[in-house]
$ cat model_37.txt   # compact mmCIF, C-alpha atoms and all ligand atoms
# COMPACT_ATOMS: atom_id res chain seq x y z
CA MET A 1 10.83 72.92 -37.87
CA SER A 2 10.00 72.30 -34.23
CA GLY A 3 11.55 75.47 -32.81
CA GLY A 4 10.06 77.79 -35.44
CA HIS A 5 7.24 79.07 -33.30
CA ASP A 6 9.39 79.75 -30.25
CA LEU A 7 12.03 81.43 -32.34
CA GLY A 8 9.43 83.74 -33.85
CA HIS A 9 8.12 84.53 -30.37
CA VAL A 10 11.56 85.45 -29.06
CA ALA A 11 12.34 87.44 -32.19
CA GLY A 12 9.11 89.36 -31.57
CA GLU A 13 10.15 90.00 -27.98
CA LEU A 14 13.50 91.31 -29.12
CA HIS A 15 11.76 93.63 -31.55
CA ASP A 16 9.35 94.91 -28.89
CA ALA A 17 12.23 95.49 -26.54
CA ALA A 18 14.00 97.53 -29.17
CA LYS A 19 11.02 99.90 -29.66
CA ARG A 20 12.15 101.06 -33.06
CA TYR A 21 13.11 104.69 -33.33
CA ALA A 22 10.65 106.76 -35.35
CA GLY A 23 12.54 110.05 -35.59
CA GLU A 24 14.52 111.19 -38.57
CA TYR A 25 18.04 111.01 -37.11
CA PRO A 26 18.97 108.04 -34.91
CA ILE A 27 22.48 109.49 -34.59
CA ARG A 28 23.27 113.18 -34.03
CA VAL A 29 26.72 114.44 -33.20
CA ARG A 30 27.41 118.09 -32.29
CA GLY A 31 30.73 119.79 -31.62
CA LEU A 32 32.55 116.52 -30.97
CA LYS A 33 36.09 116.87 -29.69
CA ASN A 34 38.48 113.99 -29.07
CA VAL A 35 41.98 114.67 -27.82
CA PHE A 36 44.74 112.15 -27.10
CA GLY A 37 47.59 113.80 -25.20
CA ASP A 38 48.17 116.99 -27.14
CA HIS A 39 46.85 115.51 -30.38
CA ALA A 40 43.31 116.60 -31.26
CA VAL A 41 41.73 114.03 -33.56
CA HIS A 42 38.32 115.71 -33.74
CA GLU A 43 37.41 119.31 -33.12
CA GLY A 44 33.91 120.68 -33.70
CA LEU A 45 32.73 117.59 -35.56
CA ASP A 46 29.01 117.53 -36.49
CA LEU A 47 27.14 114.67 -38.10
CA ASP A 48 23.52 113.58 -38.58
CA VAL A 49 22.78 110.05 -39.70
CA ARG A 50 19.35 109.57 -41.27
CA ARG A 51 17.08 106.71 -40.35
CA GLY A 52 17.22 103.92 -42.91
CA GLU A 53 20.26 105.14 -44.80
CA ILE A 54 23.58 103.50 -45.46
CA LEU A 55 26.01 106.28 -44.62
CA GLY A 56 29.54 105.76 -45.88
CA VAL A 57 32.26 107.36 -43.74
CA VAL A 58 35.55 108.10 -45.48
CA GLY A 59 38.76 109.91 -44.69
CA GLY A 60 42.48 109.30 -44.78
CA SER A 61 44.05 106.78 -42.44
CA GLY A 62 44.27 108.23 -38.93
CA THR A 63 41.63 110.92 -39.49
CA GLY A 64 39.56 109.44 -36.69
CA LYS A 65 36.90 107.30 -38.34
CA SER A 66 37.18 104.47 -35.83
CA VAL A 67 37.44 106.93 -32.93
CA LEU A 68 34.22 108.58 -34.15
CA MET A 69 32.48 105.21 -34.21
CA ARG A 70 33.76 104.35 -30.74
CA SER A 71 32.55 107.74 -29.46
CA ILE A 72 29.07 107.18 -30.87
CA ILE A 73 28.73 103.77 -29.23
CA GLY A 74 30.03 105.02 -25.91
CA LEU A 75 33.38 103.23 -25.89
CA GLN A 76 35.35 106.45 -26.16
CA ARG A 77 34.46 109.33 -23.88
CA PRO A 78 34.79 112.55 -25.90
CA SER A 79 36.70 115.56 -24.58
CA ALA A 80 33.73 117.75 -25.55
CA GLY A 81 30.55 117.77 -27.59
CA GLU A 82 27.17 116.07 -27.60
CA ILE A 83 26.08 112.76 -29.03
CA GLU A 84 22.41 111.88 -29.29
CA LEU A 85 21.24 108.35 -30.01
CA PHE A 86 17.58 107.69 -30.78
CA GLY A 87 16.84 111.19 -29.51
CA HIS A 88 18.54 110.64 -26.14
CA PRO A 89 21.81 112.22 -25.04
CA LEU A 90 24.53 109.63 -24.72
CA GLY A 91 25.56 110.32 -21.17
CA ASP A 92 26.73 108.11 -18.35
CA ALA A 93 23.48 106.20 -18.45
CA LEU A 94 22.98 104.09 -21.52
CA VAL A 95 19.49 103.25 -20.39
CA ASP A 96 16.25 104.44 -21.97
CA GLY A 97 13.41 103.47 -19.63
CA ASP A 98 14.08 99.80 -18.95
CA ILE A 99 15.97 99.28 -22.19
CA ASP A 100 19.73 99.25 -22.34
CA ILE A 101 20.29 101.22 -25.52
CA ARG A 102 23.42 99.21 -26.25
CA SER A 103 21.06 96.43 -27.30
CA ARG A 104 19.76 98.62 -30.15
CA TRP A 105 22.94 98.56 -32.20
CA GLY A 106 25.32 95.96 -33.54
CA VAL A 107 28.99 96.49 -34.34
CA LEU A 108 31.42 94.83 -36.69
CA PHE A 109 34.79 96.11 -35.48
CA GLN A 110 37.76 96.79 -37.74
CA GLY A 111 39.56 93.44 -37.89
CA GLY A 112 36.52 91.43 -36.81
CA ALA A 113 37.34 91.03 -33.10
CA LEU A 114 35.82 87.56 -32.74
CA PHE A 115 36.59 85.65 -29.55
CA SER A 116 39.15 83.13 -30.75
CA THR A 117 38.35 80.53 -28.10
CA LEU A 118 34.64 80.49 -28.95
CA THR A 119 32.94 78.90 -31.95
CA VAL A 120 31.05 81.07 -34.41
CA ALA A 121 27.72 80.22 -32.74
CA GLU A 122 29.15 80.91 -29.28
CA ASN A 123 30.42 84.27 -30.52
CA VAL A 124 26.93 85.17 -31.71
CA GLU A 125 25.51 84.02 -28.38
CA VAL A 126 27.68 86.40 -26.34
CA PRO A 127 25.41 89.47 -26.70
CA LEU A 128 22.29 87.30 -26.36
CA LYS A 129 23.58 85.98 -23.03
CA GLU A 130 24.47 89.45 -21.87
CA PHE A 131 21.20 91.17 -22.73
CA TYR A 132 18.70 88.29 -22.54
CA PRO A 133 20.02 85.92 -19.87
CA GLU A 134 16.52 84.50 -19.38
CA ILE A 135 16.45 82.91 -22.84
CA SER A 136 16.84 79.12 -22.69
CA ASP A 137 20.01 77.52 -24.04
CA GLU A 138 18.05 75.82 -26.79
CA LEU A 139 16.46 79.03 -28.02
CA ARG A 140 19.71 80.92 -27.80
CA HIS A 141 21.39 78.27 -29.97
CA GLU A 142 18.57 78.51 -32.45
CA ILE A 143 18.69 82.30 -32.66
CA ALA A 144 22.47 82.15 -33.13
CA ARG A 145 22.10 79.58 -35.90
CA TYR A 146 19.52 81.77 -37.62
CA LYS A 147 21.83 84.82 -37.50
CA VAL A 148 24.71 82.76 -38.90
CA LEU A 149 22.56 81.67 -41.85
CA LEU A 150 21.26 85.24 -42.28
CA SER A 151 24.87 86.37 -42.66
CA GLY A 152 25.37 84.00 -45.55
CA LEU A 153 27.43 81.34 -43.77
CA PRO A 154 26.65 77.65 -44.16
CA ALA A 155 25.16 75.88 -41.13
CA GLU A 156 28.42 73.95 -40.63
CA ALA A 157 30.15 77.22 -39.80
CA THR A 158 28.32 77.47 -36.46
CA SER A 159 30.67 74.96 -34.83
CA LYS A 160 33.89 76.30 -36.35
CA TYR A 161 36.47 78.40 -34.52
CA PRO A 162 37.60 81.74 -35.99
CA SER A 163 41.01 80.26 -36.87
CA GLU A 164 39.25 77.76 -39.14
CA LEU A 165 37.52 80.49 -41.16
CA SER A 166 38.63 82.45 -44.23
CA GLY A 167 38.77 86.24 -43.98
CA GLY A 168 35.42 86.62 -45.70
CA MET A 169 33.81 84.04 -43.41
CA LYS A 170 35.20 85.84 -40.36
CA LYS A 171 33.55 89.06 -41.53
CA ARG A 172 30.26 87.22 -41.93
CA ALA A 173 30.62 85.67 -38.48
CA GLY A 174 31.26 89.16 -37.07
CA LEU A 175 28.19 90.38 -38.91
CA ALA A 176 26.11 87.54 -37.46
CA ARG A 177 27.20 88.62 -33.98
CA ALA A 178 26.41 92.26 -34.80
CA LEU A 179 22.89 91.18 -35.82
CA ALA A 180 22.35 89.01 -32.73
CA LEU A 181 20.01 91.43 -30.95
CA ASP A 182 18.00 92.56 -34.01
CA PRO A 183 19.63 95.99 -33.94
CA GLU A 184 18.23 99.17 -35.44
CA LEU A 185 21.69 100.54 -36.05
CA LEU A 186 24.54 98.63 -37.63
CA PHE A 187 28.11 99.92 -37.33
CA LEU A 188 30.62 98.47 -39.76
CA ASP A 189 34.30 99.43 -39.61
CA GLU A 190 36.06 98.52 -42.85
CA PRO A 191 33.94 95.42 -43.51
CA THR A 192 35.44 94.63 -46.91
CA ALA A 193 39.10 95.37 -46.10
CA GLY A 194 41.23 92.38 -47.02
CA LEU A 195 38.55 90.65 -49.09
CA ASP A 196 39.08 89.86 -52.77
CA PRO A 197 36.92 91.98 -55.12
CA ILE A 198 34.31 89.28 -55.63
CA GLY A 199 34.10 88.55 -51.91
CA ALA A 200 33.85 92.28 -51.23
CA ALA A 201 31.07 92.72 -53.81
CA ALA A 202 29.16 89.79 -52.29
CA PHE A 203 29.54 91.28 -48.82
CA ASP A 204 28.31 94.65 -50.10
CA ALA A 205 25.29 92.94 -51.67
CA LEU A 206 24.56 91.21 -48.36
CA ILE A 207 24.69 94.51 -46.43
CA ASP A 208 22.45 96.13 -48.99
CA GLU A 209 19.92 93.31 -48.72
CA LEU A 210 20.00 93.19 -44.91
CA GLN A 211 19.60 96.96 -44.69
CA GLU A 212 16.41 96.68 -46.68
CA THR A 213 14.89 93.58 -45.13
CA LEU A 214 15.74 94.54 -41.53
CA SER A 215 15.17 98.32 -41.97
CA LEU A 216 18.61 99.05 -40.62
CA THR A 217 20.41 102.35 -40.40
CA VAL A 218 24.01 101.62 -41.34
CA PHE A 219 27.14 103.59 -40.35
CA LEU A 220 29.76 102.17 -42.65
CA ILE A 221 33.42 103.18 -42.43
CA THR A 222 35.26 102.21 -45.58
CA HIS A 223 38.15 102.93 -47.92
CA ASP A 224 36.45 100.85 -50.57
CA LEU A 225 35.30 103.09 -53.40
CA ASP A 226 33.27 100.26 -54.90
CA THR A 227 31.31 99.97 -51.66
CA LEU A 228 30.67 103.72 -51.64
CA TYR A 229 29.36 103.74 -55.18
CA GLU A 230 27.38 100.54 -54.87
CA ILE A 231 25.49 100.68 -51.61
CA CYS A 232 25.92 104.02 -49.81
CA ASP A 233 23.05 106.49 -49.92
CA ARG A 234 25.29 109.31 -48.71
CA VAL A 235 28.94 109.68 -47.85
CA ALA A 236 30.47 111.68 -44.99
CA VAL A 237 34.03 112.88 -45.51
CA ILE A 238 36.30 113.37 -42.50
CA ALA A 239 39.23 115.73 -42.90
CA ASP A 240 40.70 118.61 -40.91
CA LYS A 241 39.30 117.08 -37.68
CA LYS A 242 35.67 117.38 -38.76
CA VAL A 243 33.08 116.13 -41.21
CA ILE A 244 33.84 118.51 -44.05
CA ALA A 245 31.00 117.33 -46.29
CA VAL A 246 28.07 114.88 -46.36
CA GLY A 247 26.14 114.04 -49.49
CA THR A 248 25.66 111.77 -52.44
CA ILE A 249 28.78 111.13 -54.49
CA PRO A 250 27.65 113.50 -57.28
CA GLU A 251 27.10 116.17 -54.62
CA LEU A 252 30.58 115.58 -53.21
CA LEU A 253 32.11 115.65 -56.67
CA ALA A 254 30.70 119.14 -57.14
CA LEU A 255 32.84 120.40 -54.23
CA ASP A 256 36.36 121.52 -54.93
CA HIS A 257 38.04 120.23 -51.78
CA PRO A 258 41.42 118.75 -52.82
CA TRP A 259 41.09 115.51 -50.81
CA ILE A 260 37.58 114.86 -52.16
CA GLN A 261 38.66 115.52 -55.73
CA GLU A 262 41.76 113.34 -55.38
CA TYR A 263 39.77 110.53 -53.76
CA PHE A 264 36.74 110.36 -56.04
CA ASN A 265 38.24 111.73 -59.23
CA GLY A 266 41.61 109.97 -59.07
CA PRO A 267 42.15 106.83 -61.18
CA ARG A 268 40.73 104.49 -58.53
CA GLY A 269 37.68 106.69 -58.06
CA ARG A 270 36.96 106.71 -61.77
CA ALA A 271 37.36 102.94 -61.99
CA ALA A 272 34.91 102.48 -59.14
CA LYS A 273 32.22 104.34 -61.06
CA ASP A 274 32.06 101.33 -63.37
CA SER A 275 31.76 98.88 -60.51
CA ARG A 276 28.02 99.38 -60.28
CA LYS A 277 27.83 97.04 -63.26
CA ARG A 278 29.74 94.33 -61.38
CA PHE A 279 27.45 94.79 -58.40
CA ASP A 280 24.37 94.40 -60.56
CA ALA A 281 25.86 91.21 -62.01
CA VAL A 282 26.33 89.77 -58.51
CA ARG A 283 22.73 90.68 -57.67
CA ALA A 284 21.41 89.06 -60.82
CA ALA A 285 23.42 85.90 -60.12
CA ARG A 286 22.05 85.77 -56.60
CA ALA A 287 18.47 86.24 -57.80
CA ALA A 288 18.97 83.41 -60.31
CA GLN A 289 20.38 81.18 -57.57
CA ASP A 290 17.45 82.04 -55.28
CA ALA A 291 15.03 81.06 -58.05
CA VAL A 292 16.83 77.73 -58.48
CA ASP A 293 16.83 77.14 -54.70
CA LYS A 294 13.14 77.98 -54.49
CA SER A 295 12.13 75.62 -57.24
CA ALA A 296 14.33 72.88 -55.74
CA GLY A 297 12.77 73.54 -52.31
CA GLY A 298 9.24 73.56 -53.76
CA GLY A 299 9.76 70.15 -55.33
CA ALA A 300 11.05 68.59 -52.10
N1 LIG A 401 43.11 105.04 -27.45
C1 LIG A 401 43.90 105.88 -28.14
N2 LIG A 401 44.92 106.50 -27.53
C2 LIG A 401 45.71 107.38 -28.19
N3 LIG A 401 45.56 107.69 -29.49
C3 LIG A 401 44.56 107.11 -30.14
C4 LIG A 401 43.68 106.16 -29.51
N4 LIG A 401 42.77 105.73 -30.42
C5 LIG A 401 43.08 106.37 -31.57
N5 LIG A 401 44.13 107.18 -31.41
C6 LIG A 401 44.70 108.05 -32.44
O1 LIG A 401 43.63 108.75 -33.04
C7 LIG A 401 43.86 108.92 -34.43
C8 LIG A 401 42.68 108.41 -35.21
O2 LIG A 401 42.61 107.00 -35.08
P1 LIG A 401 41.50 106.13 -35.80
O3 LIG A 401 41.77 104.72 -35.43
O4 LIG A 401 40.16 106.66 -35.49
O5 LIG A 401 41.82 106.40 -37.33
P2 LIG A 401 41.04 105.86 -38.61
O6 LIG A 401 40.52 107.03 -39.36
O7 LIG A 401 40.06 104.83 -38.18
O8 LIG A 401 42.24 105.21 -39.45
P3 LIG A 401 42.29 103.87 -40.35
O9 LIG A 401 41.68 104.27 -41.66
O10 LIG A 401 43.72 103.59 -40.47
O11 LIG A 401 41.52 102.81 -39.64
C9 LIG A 401 45.16 108.21 -34.73
O12 LIG A 401 46.19 109.15 -34.76
C10 LIG A 401 45.33 107.28 -33.57
O13 LIG A 401 46.68 107.03 -33.33
MG MG A 402 39.95 102.80 -38.37

$ encode --input "model_37.txt" --output "structure tokens" --more "lines below"
Ligand SMILES: Nc1ncnc2c1ncn2[C@@H]1O[C@H](COP(=O)(O)OP(=O)(O)OP(=O)(O)O)[C@@H](O)[C@H]1O
Ligand SMILES: [Mg+2]
Amino acid sequence: MSGGHDLGHVAGELHDAAKRYAGEYPIRVRGLKNVFGDHAVHEGLDLDVRRGEILGVVGGSGTGKSVLMRSIIGLQRPSAGEIELFGHPLGDALVDGDIDIRSRWGVLFQGGALFSTLTVAENVEVPLKEFYPEISDELRHEIARYKVLLSGLPAEATSKYPSELSGGMKKRAGLARALALDPELLFLDEPTAGLDPIGAAAFDALIDELQETLSLTVFLITHDLDTLYEICDRVAVIADKKVIAVGTIPELLALDHPWIQEYFNGPRGRAAKDSRKRFDAVRAARAAQDAVDKSAGGGA
């Protein structure tokens, strides 16, 4: 591979630029308030996200999960409260030294939000162009291609337009774009919504694997109980305009809040408890496939 060395060099540069956060909580939210007109969505919302965890964020539709995410990444200016990212207050300046802190996270928006007039590779190149304009076209293409493959899409997908992709492929393309800058934080808003159960389980497995290999901290909004059981280290529950509880699912089950009980102990919640088995089956199948690929590659 001719470009391998250069790609590694640039990847190293991206990593250096990111200066990985060493503290315990890359995201801290205190007293967050968001008001639209006379409708308060959040009031006195607190949340700490631990480094290296996959935090599931749940709550009924309209409870403000997406607004919370947009507040944390600076797209929604809160009415009150403090947000700290990587130990720095998220104020007007999103700059830490000479680093634009927006380059330290990646986002997969609810619905994907790919640029429809750009190919998959061009979509992935958008943040690279914005934050690293000095990178040559050739390297940028190569980094984009690498991120597409990392997201589990075939190489042919790089030149496809979003309209030519299935729902699951669109999510993976969005994920590739979210990973473009080697982020420390990954924000996912309903990543498995609209996928069939097998596609959703495969996507969950991919997130789980990427979290581990890339040491990501993941803020994952979901309605998908299977996802919560399978890959989330902790779950934050939004109700009554705040985070009413954060913990492992057994910890949440010990609380007697009606929404939590209905959600996790209702019929769908109980069914999801069994889904760990399905997840493990997907993992085993992938490991077997990897072994086959490796031995095929070794013989070539
Ligand atoms: N820009 C905006 N202007 C006015 N109201 C808004 C705006 N953005 C969100 N809202 C309102 O804030 C509330 C929370 O919206 P949000 O999209 O965060 O909900 P959600 O928890 O993500 O729901 P879902 O599970 O359906 O995605 C809703 O009542 C919504 O109508
Ligand atoms: Mg939402």

$ residues_near_point --input "model_37.txt" --point "(31.9, 103.5, -46.1)" --cutoff "7 Å" --atoms "only C-alpha atoms" --output "VMD selection string"
chain A and resid 55 to 58 220 to 224 227 to 228

$ atom_distance --input "model_37.txt" --atom1 "CA of Leu210 (chain A)" --atom2 "CA of Arg104 (chain A)"
15.7 Å

$ closest_residue --input "model_37.txt" --among "A:Ala272, A:Val126, A:Ala193, A:Ala205" --to "ligand MG 402 (chain A)" --atoms "only C-alpha atoms and all ligand atoms"
A:Ala193

$ atom_distance --input "model_37.txt" --atom1 "CA of Gly247 (chain A)" --atom2 "CA of Tyr25 (chain A)"
15.1 Å

$ closest_residue --input "model_37.txt" --among "A:Leu153, A:Val67, A:Leu188, A:Ala22" --to "ligand MG 402 (chain A)" --atoms "all atoms listed in the file"
A:Val67

$ atom_distance --input "model_37.txt" --atom1 "CA of Ala155 (chain A)" --atom2 "CA of Pro133 (chain A)"
24.1 Å

$ closest_atom_pairs --input "model_37.txt" --of "chain A" --to "ligand MG 402 (chain A)" --cutoff "9 Å" --atoms "all atoms listed in the file" --output "tab-separated table"
residue	atom	partner	partner_atom	distance
A:Ser61	CA	A:MG402	MG	7.0
A:Gly62	CA	A:MG402	MG	7.0
A:Thr63	CA	A:MG402	MG	8.4
A:Gly64	CA	A:MG402	MG	6.9
A:Lys65	CA	A:MG402	MG	5.4
A:Ser66	CA	A:MG402	MG	4.1
A:Val67	CA	A:MG402	MG	7.3
A:Met69	CA	A:MG402	MG	8.9
A:Phe109	CA	A:MG402	MG	8.9
A:Gln110	CA	A:MG402	MG	6.4
A:Asp189	CA	A:MG402	MG	6.7
A:Glu190	CA	A:MG402	MG	7.3
A:Ile221	CA	A:MG402	MG	7.7
A:Thr222	CA	A:MG402	MG	8.6

$ write_last_selection --input "model_37.txt" --atoms "C-alpha atoms" --output "tab-separated table (two decimals), in the coordinates of the input"
chain	number	residue	atom	x	y	z
A	61	SER	CA	44.05	106.78	-42.44
A	62	GLY	CA	44.27	108.23	-38.93
A	63	THR	CA	41.63	110.92	-39.49
A	64	GLY	CA	39.56	109.44	-36.69
A	65	LYS	CA	36.90	107.30	-38.34
A	66	SER	CA	37.18	104.47	-35.83
A	67	VAL	CA	37.44	106.93	-32.93
A	69	MET	CA	32.48	105.21	-34.21
A	109	PHE	CA	34.79	96.11	-35.48
A	110	GLN	CA	37.76	96.79	-37.74
A	189	ASP	CA	34.30	99.43	-39.61
A	190	GLU	CA	36.06	98.52	-42.85
A	221	ILE	CA	33.42	103.18	-42.43
A	222	THR	CA	35.26	102.21	-45.58

$ axis_aligned_box --input "model_37.txt" --around "ligand LIG 401 (chain A)" --padding-each-side "4 Å" --output "AutoDock Vina command-line options"
--center_x 43.4 --center_y 106.0 --center_z -34.6 --size_x 14.6 --size_y 14.3 --size_z 22.2

$ closest_residue --input "model_37.txt" --among "A:Leu149, A:Ile27, A:Ala180, A:Cys232" --to "Phe131 (chain A)" --atoms "only C-alpha atoms"
A:Ala180

$ closest_residue --input "model_37.txt" --among "A:Ile231, A:Leu214, A:Ala202, A:Val237" --to "Arg286 (chain A)" --atoms "all atoms listed in the file"
A:Ala202

$ residues_around --input "model_37.txt" --residues "Leu68 (chain A)" --least-positions-apart "5" --cutoff "9 Å" --atoms "all atoms listed in the file" --output "ChimeraX atom specification"
/A:32,34,42,73,76

$ write_last_selection --input "model_37.txt" --atoms "C-alpha atoms" --output "PDB file, in the coordinates of the input"
ATOM      1  CA  LEU A  32      32.550 116.520 -30.970  1.00  0.00           C
ATOM      2  CA  ASN A  34      38.480 113.990 -29.070  1.00  0.00           C
ATOM      3  CA  HIS A  42      38.320 115.710 -33.740  1.00  0.00           C
ATOM      4  CA  ILE A  73      28.730 103.770 -29.230  1.00  0.00           C
ATOM      5  CA  GLN A  76      35.350 106.450 -26.160  1.00  0.00           C
TER       6      GLN A  76
END

$ residues_around --input "model_37.txt" --residues "Pro258 (chain A)" --least-positions-apart "6" --cutoff "12 Å" --atoms "all atoms listed in the file" --output "count of residues only"
8

$ closest_residue --input "model_37.txt" --among "A:Ile54, A:Val29, A:Leu45, A:Ala121" --to "Leu175 (chain A)" --atoms "only C-alpha atoms"
A:Ala121

$ closest_residue --input "model_37.txt" --among "A:Leu47, A:Ala284, A:Ile101, A:Ile238" --to "ligand LIG 401 (chain A)" --atoms "all atoms listed in the file"
A:Ile238

$ residues_near_point --input "model_37.txt" --point "(18.0, 107.7, -34.7)" --cutoff "10 Å" --atoms "only C-alpha atoms" --output "VMD selection string"
chain A and resid 20 to 28 48 to 52 84 to 88 184 to 185 217

$ residues_around --input "model_37.txt" --residues "Glu130 (chain A)" --least-positions-apart "3" --cutoff "12 Å" --atoms "all atoms listed in the file" --output "list in words"
Asp100, Arg102, Ser103, Asn123, Val124, Glu125, Val126, Pro127, Pro133, Glu134, Ile135, Arg140, Ala180 and Leu181 of chain A

$ write_last_selection --input "model_37.txt" --atoms "C-alpha atoms" --output "PDB file, keeping the file's coordinate frame"
ATOM      1  CA  ASP A 100      19.730  99.250 -22.340  1.00  0.00           C
ATOM      2  CA  ARG A 102      23.420  99.210 -26.250  1.00  0.00           C
ATOM      3  CA  SER A 103      21.060  96.430 -27.300  1.00  0.00           C
ATOM      4  CA  ASN A 123      30.420  84.270 -30.520  1.00  0.00           C
ATOM      5  CA  VAL A 124      26.930  85.170 -31.710  1.00  0.00           C
ATOM      6  CA  GLU A 125      25.510  84.020 -28.380  1.00  0.00           C
ATOM      7  CA  VAL A 126      27.680  86.400 -26.340  1.00  0.00           C
ATOM      8  CA  PRO A 127      25.410  89.470 -26.700  1.00  0.00           C
ATOM      9  CA  PRO A 133      20.020  85.920 -19.870  1.00  0.00           C
ATOM     10  CA  GLU A 134      16.520  84.500 -19.380  1.00  0.00           C
ATOM     11  CA  ILE A 135      16.450  82.910 -22.840  1.00  0.00           C
ATOM     12  CA  ARG A 140      19.710  80.920 -27.800  1.00  0.00           C
ATOM     13  CA  ALA A 180      22.350  89.010 -32.730  1.00  0.00           C
ATOM     14  CA  LEU A 181      20.010  91.430 -30.950  1.00  0.00           C
TER      15      LEU A 181
END

$ residues_around --input "model_37.txt" --residues "Thr117 (chain A)" --least-positions-apart "6" --cutoff "10 Å" --atoms "all atoms listed in the file" --output "mmCIF file with C-alpha atoms, in the frame of the given file"
data_model
loop_
_atom_site.group_PDB
_atom_site.id
_atom_site.type_symbol
_atom_site.label_atom_id
_atom_site.label_comp_id
_atom_site.auth_asym_id
_atom_site.auth_seq_id
_atom_site.Cartn_x
_atom_site.Cartn_y
_atom_site.Cartn_z
ATOM 1 C CA ASN A 123 30.420 84.270 -30.520
ATOM 2 C CA TYR A 161 36.470 78.400 -34.520
ATOM 3 C CA PRO A 162 37.600 81.740 -35.990
ATOM 4 C CA SER A 163 41.010 80.260 -36.870
#

$ decode --input "model_37.txt" --residues "region 237-273 of chain A" --atoms "C-alpha atoms" --output "compact mmCIF listing (two decimals), in the first residue's frame"
# COMPACT_ATOMS: atom_id res chain seq x y z
CA VAL A 237 -32.93 8.83 32.11
CA ILE A 238 -34.45 12.18 31.15
CA ALA A 239 -37.86 13.01 32.59
CA ASP A 240 -39.43 15.99 34.33
CA LYS A 241 -36.98 18.33 32.51
CA LYS A 242 -33.88 16.80 34.11
CA VAL A 243 -31.75 13.70 34.32
CA ILE A 244 -33.70 11.88 37.00
CA ALA A 245 -31.28 8.96 37.29
CA VAL A 246 -27.97 7.66 35.90
CA GLY A 247 -26.71 4.15 36.47
CA THR A 248 -26.45 0.62 35.23
CA ILE A 249 -29.73 -0.99 34.25
CA PRO A 250 -29.89 -3.07 37.47
CA GLU A 251 -29.34 0.15 39.43
CA LEU A 252 -32.15 1.86 37.52
CA LEU A 253 -34.44 -1.11 38.01
CA ALA A 254 -34.02 -0.71 41.76
CA LEU A 255 -35.64 2.74 41.58
CA ASP A 256 -39.38 3.01 41.77
CA HIS A 257 -39.91 5.85 39.30
CA PRO A 258 -43.00 4.98 37.22
CA TRP A 259 -41.46 5.82 33.82
CA ILE A 260 -38.33 3.78 34.57
CA GLN A 261 -40.36 0.81 35.76
CA GLU A 262 -42.69 0.98 32.76
CA TYR A 263 -39.78 1.33 30.34
CA PHE A 264 -37.43 -1.37 31.63
CA ASN A 265 -39.93 -3.69 33.25
CA GLY A 266 -42.66 -3.52 30.61
CA PRO A 267 -42.95 -6.37 28.08
CA ARG A 268 -40.44 -4.83 25.67
CA GLY A 269 -37.96 -4.22 28.46
CA ARG A 270 -38.18 -7.81 29.62
CA ALA A 271 -37.74 -9.11 26.07
CA ALA A 272 -34.63 -6.98 25.65
CA LYS A 273 -32.99 -8.66 28.62
